[in-house]
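What follows is the content of coords_10.pdb (PDB, C-alpha atoms).
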```
ATOM      1  CA  MET K   1       0.000   0.000   0.000
ATOM      2  CA  GLY K   2       1.098   3.559  -0.674
ATOM      3  CA  LYS K   3       1.828   6.376   1.716
ATOM      4  CA  SER K   4      -1.687   7.788   1.581
ATOM      5  CA  SER K   5      -3.216   4.553   2.852
ATOM      6  CA  ARG K   6      -0.806   4.542   5.834
ATOM      7  CA  GLN K   7      -1.817   8.093   6.699
ATOM      8  CA  SER K   8      -5.491   7.264   6.528
ATOM      9  CA  LYS K   9      -4.958   4.302   8.897
ATOM     10  CA  THR K  10      -3.293   6.577  11.446
ATOM     11  CA  PHE K  11      -6.222   8.941  11.317
ATOM     12  CA  ARG K  12      -8.634   6.089  11.882
ATOM     13  CA  ARG K  13      -6.723   4.927  14.971
ATOM     14  CA  ARG K  14      -7.150   8.210  16.803
ATOM     15  CA  SER K  15      -9.834   8.245  19.402
ATOM     16  CA  PRO K  16     -12.301  11.103  19.789
ATOM     17  CA  SER K  17     -11.039  11.713  23.323
ATOM     18  CA  ALA K  18      -7.647  12.763  21.939
ATOM     19  CA  SER K  19      -9.066  15.892  20.339
ATOM     20  CA  VAL K  20      -8.518  19.216  22.059
ATOM     21  CA  GLU K  21     -11.601  20.960  23.351
ATOM     22  CA  VAL K  22     -11.669  24.733  23.268
ATOM     23  CA  GLU K  23     -13.585  26.498  25.987
ATOM     24  CA  LYS K  24     -15.965  29.027  24.515
ATOM     25  CA  LYS K  25     -16.277  32.327  26.321
ATOM     26  CA  PRO K  26     -19.522  34.237  25.990
ATOM     27  CA  ALA K  27     -18.981  37.253  23.780
ATOM     28  CA  LYS K  28     -19.965  40.664  25.060
ATOM     29  CA  LYS K  29     -22.906  41.953  23.126
ATOM     30  CA  GLU K  30     -22.434  45.578  22.199
ATOM     31  CA  PRO K  31     -25.310  47.627  20.880
ATOM     32  CA  VAL K  32     -25.463  47.616  17.117
ATOM     33  CA  ALA K  33     -26.621  50.751  15.361
ATOM     34  CA  VAL K  34     -29.040  49.895  12.590
ATOM     35  CA  ILE K  35     -30.258  52.423  10.060
ATOM     36  CA  PRO K  36     -34.035  52.133   9.630
ATOM     37  CA  PRO K  37     -35.101  51.268   6.064
ATOM     38  CA  GLU K  38     -37.008  54.525   5.487
ATOM     39  CA  VAL K  39     -33.957  56.577   6.545
ATOM     40  CA  SER K  40     -31.710  54.461   4.325
ATOM     41  CA  ARG K  41     -33.980  54.977   1.313
ATOM     42  CA  ARG K  42     -34.070  58.710   2.035
ATOM     43  CA  MET K  43     -30.248  58.813   2.116
ATOM     44  CA  VAL K  44     -29.940  56.908  -1.173
ATOM     45  CA  ARG K  45     -32.447  59.205  -2.913
ATOM     46  CA  ARG K  46     -30.551  62.278  -1.741
ATOM     47  CA  ILE K  47     -27.205  60.795  -2.783
ATOM     48  CA  LEU K  48     -28.595  60.071  -6.249
ATOM     49  CA  VAL K  49     -29.833  63.646  -6.598
ATOM     50  CA  PHE K  50     -26.939  65.561  -5.036
ATOM     51  CA  SER K  51     -24.244  63.337  -6.529
ATOM     52  CA  GLY K  52     -25.864  61.997  -9.685
ATOM     53  CA  ILE K  53     -26.794  65.317 -11.241
ATOM     54  CA  PRO K  54     -23.325  66.926 -10.996
ATOM     55  CA  SER K  55     -21.600  63.680 -12.054
ATOM     56  CA  GLY K  56     -23.939  63.319 -15.036
ATOM     57  CA  LEU K  57     -23.263  66.914 -16.019
ATOM     58  CA  GLY K  58     -19.525  66.258 -15.670
ATOM     59  CA  LEU K  59     -19.764  63.356 -18.100
ATOM     60  CA  SER K  60     -21.948  65.227 -20.543
ATOM     61  CA  SER K  61     -19.618  68.245 -20.490
ATOM     62  CA  PHE K  62     -17.056  66.294 -22.521
ATOM     63  CA  PHE K  63     -19.584  65.615 -25.267
ATOM     64  CA  VAL K  64     -21.035  69.121 -25.225
ATOM     65  CA  ASN K  65     -17.596  70.747 -25.383
ATOM     66  CA  TYR K  66     -16.564  68.402 -28.192
ATOM     67  CA  TYR K  67     -19.693  69.338 -30.154
ATOM     68  CA  LEU K  68     -19.054  73.052 -29.586
ATOM     69  CA  LEU K  69     -15.449  72.739 -30.782
ATOM     70  CA  THR K  70     -16.031  70.538 -33.826
ATOM     71  CA  ASN K  71     -18.962  72.622 -35.108
ATOM     72  CA  HIS K  72     -17.092  75.895 -34.527
ATOM     73  CA  VAL K  73     -19.781  77.258 -32.244
ATOM     74  CA  VAL K  74     -17.359  78.432 -29.546
ATOM     75  CA  ALA K  75     -13.593  78.192 -29.405
ATOM     76  CA  LEU K  76     -13.026  76.772 -25.925
ATOM     77  CA  PRO K  77      -9.502  76.488 -24.552
ATOM     78  CA  PRO K  78      -8.523  72.950 -23.519
ATOM     79  CA  TYR K  79      -8.191  73.847 -19.844
ATOM     80  CA  PHE K  80     -11.840  74.941 -19.764
ATOM     81  CA  THR K  81     -13.059  71.367 -20.246
ATOM     82  CA  LEU K  82     -10.662  70.164 -17.553
ATOM     83  CA  ALA K  83     -11.742  72.816 -15.056
ATOM     84  CA  GLU K  84     -15.420  72.280 -15.844
ATOM     85  CA  SER K  85     -15.297  68.505 -15.475
ATOM     86  CA  LEU K  86     -13.168  68.661 -12.301
ATOM     87  CA  THR K  87     -15.609  71.100 -10.742
ATOM     88  CA  LEU K  88     -18.644  69.006 -11.607
ATOM     89  CA  PHE K  89     -17.068  65.719 -10.493
ATOM     90  CA  GLY K  90     -15.913  67.414  -7.288
ATOM     91  CA  LEU K  91     -19.468  68.574  -6.640
ATOM     92  CA  GLY K  92     -20.655  65.029  -7.276
ATOM     93  CA  PHE K  93     -18.139  63.704  -4.762
ATOM     94  CA  LEU K  94     -19.261  66.224  -2.155
ATOM     95  CA  GLY K  95     -22.865  65.353  -3.000
ATOM     96  CA  ILE K  96     -22.364  61.867  -1.574
ATOM     97  CA  SER K  97     -21.574  63.264   1.861
ATOM     98  CA  TYR K  98     -24.202  65.951   1.640
ATOM     99  CA  GLY K  99     -26.796  63.368   0.652
ATOM    100  CA  VAL K 100     -26.098  61.336   3.784
ATOM    101  CA  PHE K 101     -25.882  64.262   6.185
ATOM    102  CA  SER K 102     -28.822  66.220   4.765
ATOM    103  CA  ALA K 103     -31.253  63.324   5.123
ATOM    104  CA  SER K 104     -33.401  63.354   8.231
ATOM    105  CA  TRP K 105     -32.162  60.569  10.501
ATOM    106  CA  ASP K 106     -35.523  60.582  12.265
ATOM    107  CA  PRO K 107     -38.423  58.451  11.002
ATOM    108  CA  GLN K 108     -40.293  61.524   9.725
ATOM    109  CA  PRO K 109     -38.920  63.206   6.578
ATOM    110  CA  GLY K 110     -37.173  66.554   6.795
ATOM    111  CA  SER K 111     -37.045  69.565   4.510
ATOM    112  CA  LEU K 112     -36.532  69.508   0.748
ATOM    113  CA  LEU K 113     -32.886  70.656   0.665
ATOM    114  CA  GLY K 114     -32.026  69.400   4.151
ATOM    115  CA  ILE K 115     -29.889  72.340   5.264
ATOM    116  CA  GLY K 116     -31.144  72.178   8.856
ATOM    117  CA  GLU K 117     -30.730  68.408   8.959
ATOM    118  CA  PHE K 118     -27.199  68.753   7.567
ATOM    119  CA  ARG K 119     -26.209  71.126  10.384
ATOM    120  CA  ARG K 120     -27.810  68.960  13.058
ATOM    121  CA  ASN K 121     -26.388  65.649  11.759
ATOM    122  CA  LEU K 122     -22.909  67.058  11.210
ATOM    123  CA  GLY K 123     -23.016  68.541  14.730
ATOM    124  CA  ASN K 124     -23.979  65.129  16.118
ATOM    125  CA  ILE K 125     -21.078  63.446  14.307
ATOM    126  CA  ILE K 126     -18.562  66.047  15.532
ATOM    127  CA  GLN K 127     -19.867  65.673  19.087
ATOM    128  CA  GLN K 128     -19.502  61.879  18.878
ATOM    129  CA  TRP K 129     -15.928  62.238  17.580
ATOM    130  CA  ARG K 130     -15.031  64.564  20.451
ATOM    131  CA  GLU K 131     -16.554  62.212  23.044
ATOM    132  CA  SER K 132     -14.756  59.257  21.492
ATOM    133  CA  ALA K 133     -11.447  61.148  21.496
ATOM    134  CA  ALA K 134     -11.953  62.112  25.143
ATOM    135  CA  ARG K 135     -12.713  58.496  26.110
ATOM    136  CA  SER K 136      -9.681  57.185  24.255
ATOM    137  CA  SER K 137      -7.391  59.791  25.827
ATOM    138  CA  GLU K 138      -8.797  58.944  29.275
ATOM    139  CA  SER K 139      -8.213  55.227  28.709
ATOM    140  CA  SER K 140      -4.666  55.830  27.455
ATOM    141  CA  ASP K 141      -3.962  58.050  30.492
ATOM    142  CA  SER K 142      -5.224  55.349  32.859
ATOM    143  CA  ARG K 143      -2.991  52.747  31.160
ATOM    144  CA  GLU K 144       0.082  54.945  31.538
ATOM    145  CA  ALA K 145      -0.526  55.542  35.257
TER
END
```
Taking this structure as input, can you express it in the form of structure tokens?
Amino acid sequence: MGKSSRQSKTFRRRSPSASVEVEKKPAKKEPVAVIPPEVSRRMVRRILVFSGIPSGLGLSSFFVNYYLLTNHVVALPPYFTLAESLTLFGLGFLGISYGVFSASWDPQPGSLLGIGEFRRNLGNIIQQWRESAARSSESSDSREA
């Protein structure tokens, strides 16, 4: 018999009592923050509007500028297309964050543009960051002492 059959015989000879048992410790259950479905849908709609429109305009600007140049409607300098597309794509990138922060995080919908919600939600995030930084500095101070 070959080597593989010898190995399989050795595995068969082992008894179940020879296996190592690992003691399982109960895991601490920490609260999990879940975004309600209506808030999530509201965020996605706002992201699509505040990010999709500028990004779509950024893509279409290449075609529009090409049409204007090839049909001799307007003589645009090359840097104009670059600046225009960078501006529009930058607005689209910022629109992702604004879409999340301007959505009402409460079950009831907020205002149309969400300026008040943006201020409130951004203030909540900054406050949470400050509290987290204070807790981590307190825990690092207690470790050093």
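Evaluated against the shown file, the PyMOL selection byres ((chain K and resi 115-129) around 8) gives Tyr98, Phe101, Ser102, Ala103, Ser104, Trp105, Gly110, Ser111, Leu113, Gly114, Arg130, Glu131, Ser132 and Ala133 of chain K.
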Report task. Enumerate, as a PyMOL selection string, the residues matched when the PyMOL selection byres ((chain K and resi 40-56) around 7) is run on the file above. Result -> chain K and resi 35-39+57-60+88-89+91-93+95-96+99-100+103
Selected residues written out with C-alpha atoms, as a short mmCIF file (atom, residue, chain, number, x, y, z; two decimals), in the frame of the given file:
```cif
data_model
loop_
_atom_site.label_atom_id
_atom_site.label_comp_id
_atom_site.auth_asym_id
_atom_site.auth_seq_id
_atom_site.Cartn_x
_atom_site.Cartn_y
_atom_site.Cartn_z
CA ILE K 35 -30.26 52.42 10.06
CA PRO K 36 -34.03 52.13 9.63
CA PRO K 37 -35.10 51.27 6.06
CA GLU K 38 -37.01 54.52 5.49
CA VAL K 39 -33.96 56.58 6.54
CA LEU K 57 -23.26 66.91 -16.02
CA GLY K 58 -19.52 66.26 -15.67
CA LEU K 59 -19.76 63.36 -18.10
CA SER K 60 -21.95 65.23 -20.54
CA LEU K 88 -18.64 69.01 -11.61
CA PHE K 89 -17.07 65.72 -10.49
CA LEU K 91 -19.47 68.57 -6.64
CA GLY K 92 -20.66 65.03 -7.28
CA PHE K 93 -18.14 63.70 -4.76
CA GLY K 95 -22.86 65.35 -3.00
CA ILE K 96 -22.36 61.87 -1.57
CA GLY K 99 -26.80 63.37 0.65
CA VAL K 100 -26.10 61.34 3.78
CA ALA K 103 -31.25 63.32 5.12
#
```
So that all listed atoms of region 69-78 of chain K fit with 3 Å spare on each side, what axis-aligned box centre and edge lengths in Å, to one decimal, would you give as JSON?
```
{"center_x": -14.2, "center_y": 74.5, "center_z": -29.3, "size_x": 17.3, "size_y": 13.9, "size_z": 17.6}
```
Query raised in the report: CA of Glu84 (chain K) and CA of Leu112 (chain K) are how many Å apart?
Result: 27.0 Å
Requested in this report: Just give me the gap between CA of Val32 (chain K) and CA of Arg135 (chain K) in Å, one decimal is fine.
Outcome: 19.0 Å
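The shortest atom-to-atom distance to Leu76 (chain K), with only C-alpha atoms taken into account, belongs to K:Val64 out of K:Ala134, K:Val64, K:Val34, K:Pro109.
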Requested in this report: Rounded to one decimal place, report the CA of Pro77 (chain K)-CA of Leu94 (chain K) distance in Å.
Outcome: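 Between CA of Pro77 (chain K) and CA of Leu94 (chain K) the gap is 26.5 Å.
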